[in-house]
Amino acid sequence: MPEQRGADGAPLPPEAVVFRLGESLNGKIPEQAFRLSSEDRKQIPPKLSVWDKDQTTPPQAHELMGKSPRYALAGYMPVVSIRSVVDGAGGELPLDVVWDHDDRLGAGGHCGVVGLDGPDTKQAKERRAQLRRILADLANERVTPIC
Amino acid sequence: MSAIGEYPPVTSKTGLSRPAGLDPADDAEFMALTATTFEATRAERYVYGLVDRGWISERRADKAVETLRGLLRQLPGLPIPNIAPGPDDLIGFSWRTRDHHLSLELHADGHFEAFHEDLASRALWSDENGCVPVGLLDRLTNVI
């Protein structure tokens, strides 16, 4: 596949579509799939791993993540939709999707959603919970099983 | 009616016996109970399957099942939530209606975090505690 990715940390083009791997009882991408792990939070800036669908397939992404934990689902999200997420007050949230270079074979589509971290105040946590719910709803508009 | 989560012995081809005290003629109630018990069993199997698949620890799974059984005992008729693993040995339950989204997350350090979003007004509520926050029980009773 031809090299299409931008510079490390550069934003993805608006027409790009990314997917997030997830898992839940009812076969949907859950909001927990959009929680940053303690390792994600150590990155500068903190990033949630997603994959450009034109560069990496869900089975490739699953393989690259070591198959443990074993994901069952991939939920697709247009980058332009992630960038247009607004909070409960109608205010824009500073979400973006940027390239996060990974040079392993098949990992050309690795990127990250930034803007999901923040202070641990009650209000900020509630806002992030809402954000995770919104992103999960977006991802559930197109979900496929990982074969 | 037996408490949900306390399963009757397997005595029939369906794998479930008719609970003691339930009128055999009342098939609708029996079928509803059977369906709920089936869903609860499916949920518990799913939780322990997450251990096998490397998502959560057995300790977290035990706590999740204990919590789910407790919720179903306290709130009869509560639908089985969607259940999902998160990072760092976290597991979450969520309930969704047209107008409300509620979740309860069990963290690795043992604390519980509950959220409620009114999807119409987009009003938010949350609480954290060492046990299931009482405010969540009230909200589950009132909106689910």
# chains A, B, ... in the order shown; residues from 1 in each chain; ligands from 1
>>> interface_residues(of="chain A", to="chain B", cutoff="8 Å", atoms="only C-alpha atoms", output="PDB file with C-alpha atoms, in the first residue's frame")
ATOM      1  CA  GLU A  23     -15.596  -5.322  22.988  1.00  0.00           C
ATOM      2  CA  SER A  24     -18.884  -5.638  24.879  1.00  0.00           C
ATOM      3  CA  LEU A  25     -21.651  -8.036  25.855  1.00  0.00           C
ATOM      4  CA  ASN A  26     -24.205  -6.707  23.400  1.00  0.00           C
ATOM      5  CA  PRO A  30     -18.832   0.611  24.547  1.00  0.00           C
ATOM      6  CA  GLN A  32     -15.196   2.153  28.022  1.00  0.00           C
ATOM      7  CA  ALA A  33     -13.376   1.666  24.712  1.00  0.00           C
ATOM      8  CA  ARG A  35     -11.140   5.553  28.203  1.00  0.00           C
ATOM      9  CA  LEU A  36      -7.453   6.340  28.136  1.00  0.00           C
ATOM     10  CA  SER A  37      -5.309   3.701  29.788  1.00  0.00           C
ATOM     11  CA  SER A  38      -2.631   4.673  32.286  1.00  0.00           C
ATOM     12  CA  SER A  68      -4.368  -9.771  24.211  1.00  0.00           C
ATOM     13  CA  PRO A  69      -6.779  -8.576  25.275  1.00  0.00           C
ATOM     14  CA  ARG A  70      -8.798 -10.097  22.478  1.00  0.00           C
ATOM     15  CA  GLY A  88     -23.580  19.495  26.380  1.00  0.00           C
ATOM     16  CA  LYS A 122     -15.846  16.179  39.014  1.00  0.00           C
ATOM     17  CA  GLU A 126     -18.460  14.168  33.754  1.00  0.00           C
ATOM     18  CA  ARG A 127     -17.594  15.978  30.546  1.00  0.00           C
ATOM     19  CA  ALA A 129     -17.813  10.550  30.326  1.00  0.00           C
ATOM     20  CA  GLN A 130     -20.212  12.359  28.022  1.00  0.00           C
TER      21      GLN A 130
END
>>> residues_around(residues="stretch 2-16 of chain A", least_positions_apart="3", cutoff="7 Å", atoms="only C-alpha atoms", output="list in words")
Asp52, Pro78, Val79, Val80, Val97, Val98, Trp99, Asp100 and His101 of chain A
>>> write_last_selection(atoms="C-alpha atoms", output="short mmCIF file (atom, residue, chain, number, x, y, z; two decimals), in the first residue's frame")
data_model
loop_
_atom_site.label_atom_id
_atom_site.label_comp_id
_atom_site.auth_asym_id
_atom_site.auth_seq_id
_atom_site.Cartn_x
_atom_site.Cartn_y
_atom_site.Cartn_z
CA ASP A 52 -6.77 4.79 9.53
CA PRO A 78 -15.12 9.72 10.16
CA VAL A 79 -12.39 12.08 11.30
CA VAL A 80 -14.55 15.07 10.43
CA VAL A 97 -6.99 12.82 15.22
CA VAL A 98 -3.26 12.87 14.55
CA TRP A 99 -0.74 10.49 13.06
CA ASP A 100 1.14 8.44 15.63
CA HIS A 101 3.90 6.71 13.73
#
>>> atom_distance(atom1="atom CA of A:Pro45", atom2="atom CA of A:Gly112")
9.7 Å
>>> atom_distance(atom1="atom CA of A:Ile134", atom2="atom CA of B:Gly110")
26.3 Å
>>> residues_around(residues="A:Trp51", least_positions_apart="5", cutoff="12 Å", atoms="only C-alpha atoms", output="ChimeraX atom specification")
/A:5,12,16-21,56-62,64-65,74-79,97-102,106-113
>>> atom_distance(atom1="atom CA of B:Tyr48", atom2="atom CA of A:Arg132")
24.7 Å
>>> closest_residue(among="B:Ala64, B:Met31, B:Phe112, B:Leu78", to="B:Asn142", atoms="only C-alpha atoms")
B:Leu78
>>> select_by_dssp(residues="stretch 52-90 of chain B", states="strand (DSSP E)", output="ChimeraX atom specification")
/B:82-86,90
>>> write_last_selection(atoms="N, CA and C atoms", output="PDB file, in the first residue's frame")
ATOM      1  N   ASN B  82     -25.573  -3.534  29.419  1.00  0.00           N
ATOM      2  CA  ASN B  82     -24.464  -3.913  28.559  1.00  0.00           C
ATOM      3  C   ASN B  82     -23.218  -3.940  29.465  1.00  0.00           C
ATOM      4  N   ILE B  83     -22.336  -4.850  29.215  1.00  0.00           N
ATOM      5  CA  ILE B  83     -21.138  -4.998  30.047  1.00  0.00           C
ATOM      6  C   ILE B  83     -19.932  -4.925  29.142  1.00  0.00           C
ATOM      7  N   ALA B  84     -18.938  -4.167  29.572  1.00  0.00           N
ATOM      8  CA  ALA B  84     -17.764  -4.005  28.707  1.00  0.00           C
ATOM      9  C   ALA B  84     -16.508  -3.808  29.547  1.00  0.00           C
ATOM     10  N   PRO B  85     -15.405  -4.354  29.060  1.00  0.00           N
ATOM     11  CA  PRO B  85     -14.131  -4.106  29.738  1.00  0.00           C
ATOM     12  C   PRO B  85     -13.540  -2.780  29.284  1.00  0.00           C
ATOM     13  N   GLY B  86     -12.744  -2.207  30.155  1.00  0.00           N
ATOM     14  CA  GLY B  86     -11.993  -1.007  29.798  1.00  0.00           C
ATOM     15  C   GLY B  86     -10.532  -1.235  30.117  1.00  0.00           C
ATOM     16  N   LEU B  90     -10.508  -2.407  34.343  1.00  0.00           N
ATOM     17  CA  LEU B  90     -11.794  -1.762  34.616  1.00  0.00           C
ATOM     18  C   LEU B  90     -12.892  -2.543  33.908  1.00  0.00           C
TER      19      LEU B  90
END
>>> closest_residue(among="A:Gln55, A:Ser49, A:Thr121, A:Ser81", to="A:Leu138", atoms="only C-alpha atoms")
A:Ser81
>>> decode(residues="stretch 90-130 of chain A", atoms="N, CA and C atoms", output="PDB file, in the first residue's frame")
ATOM      1  N   GLY A  90     -23.005  22.851  23.943  1.00  0.00           N
ATOM      2  CA  GLY A  90     -22.873  23.260  22.548  1.00  0.00           C
ATOM      3  C   GLY A  90     -21.491  23.785  22.221  1.00  0.00           C
ATOM      4  N   GLY A  91     -20.601  23.710  23.184  1.00  0.00           N
ATOM      5  CA  GLY A  91     -19.248  24.197  22.955  1.00  0.00           C
ATOM      6  C   GLY A  91     -18.395  23.152  22.282  1.00  0.00           C
ATOM      7  N   GLU A  92     -17.486  23.582  21.451  1.00  0.00           N
ATOM      8  CA  GLU A  92     -16.622  22.625  20.758  1.00  0.00           C
ATOM      9  C   GLU A  92     -15.636  22.009  21.732  1.00  0.00           C
ATOM     10  N   LEU A  93     -15.376  20.743  21.534  1.00  0.00           N
ATOM     11  CA  LEU A  93     -14.373  20.059  22.334  1.00  0.00           C
ATOM     12  C   LEU A  93     -13.109  19.969  21.496  1.00  0.00           C
ATOM     13  N   PRO A  94     -11.986  20.081  22.143  1.00  0.00           N
ATOM     14  CA  PRO A  94     -10.732  20.119  21.379  1.00  0.00           C
ATOM     15  C   PRO A  94     -10.251  18.738  20.952  1.00  0.00           C
ATOM     16  N   LEU A  95     -11.109  18.008  20.254  1.00  0.00           N
ATOM     17  CA  LEU A  95     -10.715  16.673  19.806  1.00  0.00           C
ATOM     18  C   LEU A  95     -10.067  16.743  18.434  1.00  0.00           C
ATOM     19  N   ASP A  96      -9.042  15.958  18.265  1.00  0.00           N
ATOM     20  CA  ASP A  96      -8.418  15.872  16.952  1.00  0.00           C
ATOM     21  C   ASP A  96      -7.890  14.449  16.766  1.00  0.00           C
ATOM     22  N   VAL A  97      -7.596  14.119  15.535  1.00  0.00           N
ATOM     23  CA  VAL A  97      -6.989  12.820  15.220  1.00  0.00           C
ATOM     24  C   VAL A  97      -5.674  13.098  14.512  1.00  0.00           C
ATOM     25  N   VAL A  98      -4.600  12.579  15.092  1.00  0.00           N
ATOM     26  CA  VAL A  98      -3.262  12.869  14.551  1.00  0.00           C
ATOM     27  C   VAL A  98      -2.518  11.567  14.262  1.00  0.00           C
ATOM     28  N   TRP A  99      -1.570  11.654  13.353  1.00  0.00           N
ATOM     29  CA  TRP A  99      -0.738  10.488  13.060  1.00  0.00           C
ATOM     30  C   TRP A  99       0.135  10.174  14.265  1.00  0.00           C
ATOM     31  N   ASP A 100       0.292   8.890  14.522  1.00  0.00           N
ATOM     32  CA  ASP A 100       1.145   8.436  15.625  1.00  0.00           C
ATOM     33  C   ASP A 100       1.989   7.302  15.051  1.00  0.00           C
ATOM     34  N   HIS A 101       3.123   7.661  14.525  1.00  0.00           N
ATOM     35  CA  HIS A 101       3.901   6.709  13.730  1.00  0.00           C
ATOM     36  C   HIS A 101       4.289   5.448  14.489  1.00  0.00           C
ATOM     37  N   ASP A 102       4.070   4.353  13.795  1.00  0.00           N
ATOM     38  CA  ASP A 102       4.455   3.034  14.280  1.00  0.00           C
ATOM     39  C   ASP A 102       5.027   2.349  13.051  1.00  0.00           C
ATOM     40  N   ASP A 103       6.285   2.002  13.081  1.00  0.00           N
ATOM     41  CA  ASP A 103       6.950   1.520  11.868  1.00  0.00           C
ATOM     42  C   ASP A 103       6.869   0.017  11.665  1.00  0.00           C
ATOM     43  N   ARG A 104       6.105  -0.667  12.477  1.00  0.00           N
ATOM     44  CA  ARG A 104       5.961  -2.108  12.261  1.00  0.00           C
ATOM     45  C   ARG A 104       5.152  -2.363  10.985  1.00  0.00           C
ATOM     46  N   LEU A 105       5.374  -3.518  10.391  1.00  0.00           N
ATOM     47  CA  LEU A 105       4.667  -3.872   9.171  1.00  0.00           C
ATOM     48  C   LEU A 105       3.158  -3.864   9.401  1.00  0.00           C
ATOM     49  N   GLY A 106       2.443  -3.128   8.577  1.00  0.00           N
ATOM     50  CA  GLY A 106       0.986  -3.066   8.686  1.00  0.00           C
ATOM     51  C   GLY A 106       0.480  -1.993   9.616  1.00  0.00           C
ATOM     52  N   ALA A 107       1.392  -1.307  10.289  1.00  0.00           N
ATOM     53  CA  ALA A 107       0.972  -0.324  11.302  1.00  0.00           C
ATOM     54  C   ALA A 107       0.958   1.106  10.764  1.00  0.00           C
ATOM     55  N   GLY A 108       0.986   1.239   9.437  1.00  0.00           N
ATOM     56  CA  GLY A 108       1.015   2.583   8.849  1.00  0.00           C
ATOM     57  C   GLY A 108      -0.199   3.422   9.174  1.00  0.00           C
ATOM     58  N   GLY A 109      -1.293   2.775   9.555  1.00  0.00           N
ATOM     59  CA  GLY A 109      -2.503   3.528   9.848  1.00  0.00           C
ATOM     60  C   GLY A 109      -2.641   3.935  11.307  1.00  0.00           C
ATOM     61  N   HIS A 110      -1.596   3.711  12.093  1.00  0.00           N
ATOM     62  CA  HIS A 110      -1.742   4.027  13.521  1.00  0.00           C
ATOM     63  C   HIS A 110      -1.835   5.532  13.746  1.00  0.00           C
ATOM     64  N   CYS A 111      -2.846   5.935  14.454  1.00  0.00           N
ATOM     65  CA  CYS A 111      -3.000   7.349  14.808  1.00  0.00           C
ATOM     66  C   CYS A 111      -3.655   7.432  16.185  1.00  0.00           C
ATOM     67  N   GLY A 112      -3.853   8.644  16.643  1.00  0.00           N
ATOM     68  CA  GLY A 112      -4.381   8.799  17.991  1.00  0.00           C
ATOM     69  C   GLY A 112      -5.391   9.934  18.078  1.00  0.00           C
ATOM     70  N   VAL A 113      -6.396   9.724  18.907  1.00  0.00           N
ATOM     71  CA  VAL A 113      -7.342  10.797  19.205  1.00  0.00           C
ATOM     72  C   VAL A 113      -6.774  11.576  20.376  1.00  0.00           C
ATOM     73  N   VAL A 114      -6.606  12.866  20.202  1.00  0.00           N
ATOM     74  CA  VAL A 114      -6.111  13.707  21.292  1.00  0.00           C
ATOM     75  C   VAL A 114      -7.241  14.612  21.791  1.00  0.00           C
ATOM     76  N   GLY A 115      -7.148  14.981  23.060  1.00  0.00           N
ATOM     77  CA  GLY A 115      -8.169  15.834  23.662  1.00  0.00           C
ATOM     78  C   GLY A 115      -9.059  15.089  24.635  1.00  0.00           C
ATOM     79  N   LEU A 116      -8.731  13.818  24.866  1.00  0.00           N
ATOM     80  CA  LEU A 116      -9.574  13.010  25.762  1.00  0.00           C
ATOM     81  C   LEU A 116      -9.105  13.051  27.214  1.00  0.00           C
ATOM     82  N   ASP A 117      -7.973  13.692  27.461  1.00  0.00           N
ATOM     83  CA  ASP A 117      -7.458  13.740  28.829  1.00  0.00           C
ATOM     84  C   ASP A 117      -7.806  15.095  29.454  1.00  0.00           C
ATOM     85  N   GLY A 118      -7.558  15.223  30.732  1.00  0.00           N
ATOM     86  CA  GLY A 118      -7.849  16.490  31.391  1.00  0.00           C
ATOM     87  C   GLY A 118      -7.751  16.341  32.884  1.00  0.00           C
ATOM     88  N   PRO A 119      -8.138  17.375  33.600  1.00  0.00           N
ATOM     89  CA  PRO A 119      -8.040  17.332  35.057  1.00  0.00           C
ATOM     90  C   PRO A 119      -9.015  16.326  35.659  1.00  0.00           C
ATOM     91  N   ASP A 120      -8.732  15.920  36.892  1.00  0.00           N
ATOM     92  CA  ASP A 120      -9.590  14.944  37.553  1.00  0.00           C
ATOM     93  C   ASP A 120     -10.626  15.608  38.450  1.00  0.00           C
ATOM     94  N   THR A 121     -11.153  16.728  38.006  1.00  0.00           N
ATOM     95  CA  THR A 121     -12.241  17.353  38.758  1.00  0.00           C
ATOM     96  C   THR A 121     -13.547  16.667  38.392  1.00  0.00           C
ATOM     97  N   LYS A 122     -14.545  16.819  39.258  1.00  0.00           N
ATOM     98  CA  LYS A 122     -15.846  16.179  39.014  1.00  0.00           C
ATOM     99  C   LYS A 122     -16.438  16.638  37.682  1.00  0.00           C
ATOM    100  N   GLN A 123     -16.385  17.923  37.444  1.00  0.00           N
ATOM    101  CA  GLN A 123     -16.971  18.464  36.213  1.00  0.00           C
ATOM    102  C   GLN A 123     -16.235  17.949  34.970  1.00  0.00           C
ATOM    103  N   ALA A 124     -14.918  17.906  35.051  1.00  0.00           N
ATOM    104  CA  ALA A 124     -14.132  17.433  33.897  1.00  0.00           C
ATOM    105  C   ALA A 124     -14.359  15.949  33.650  1.00  0.00           C
ATOM    106  N   LYS A 125     -14.506  15.185  34.719  1.00  0.00           N
ATOM    107  CA  LYS A 125     -14.768  13.753  34.557  1.00  0.00           C
ATOM    108  C   LYS A 125     -16.136  13.518  33.914  1.00  0.00           C
ATOM    109  N   GLU A 126     -17.122  14.314  34.339  1.00  0.00           N
ATOM    110  CA  GLU A 126     -18.460  14.168  33.754  1.00  0.00           C
ATOM    111  C   GLU A 126     -18.431  14.517  32.266  1.00  0.00           C
ATOM    112  N   ARG A 127     -17.702  15.551  31.943  1.00  0.00           N
ATOM    113  CA  ARG A 127     -17.594  15.978  30.546  1.00  0.00           C
ATOM    114  C   ARG A 127     -16.915  14.884  29.707  1.00  0.00           C
ATOM    115  N   ARG A 128     -15.882  14.269  30.275  1.00  0.00           N
ATOM    116  CA  ARG A 128     -15.194  13.207  29.529  1.00  0.00           C
ATOM    117  C   ARG A 128     -16.081  11.965  29.391  1.00  0.00           C
ATOM    118  N   ALA A 129     -16.889  11.692  30.428  1.00  0.00           N
ATOM    119  CA  ALA A 129     -17.813  10.550  30.326  1.00  0.00           C
ATOM    120  C   ALA A 129     -18.806  10.791  29.197  1.00  0.00           C
ATOM    121  N   GLN A 130     -19.289  12.020  29.108  1.00  0.00           N
ATOM    122  CA  GLN A 130     -20.212  12.359  28.022  1.00  0.00           C
ATOM    123  C   GLN A 130     -19.522  12.224  26.667  1.00  0.00           C
TER     124      GLN A 130
END
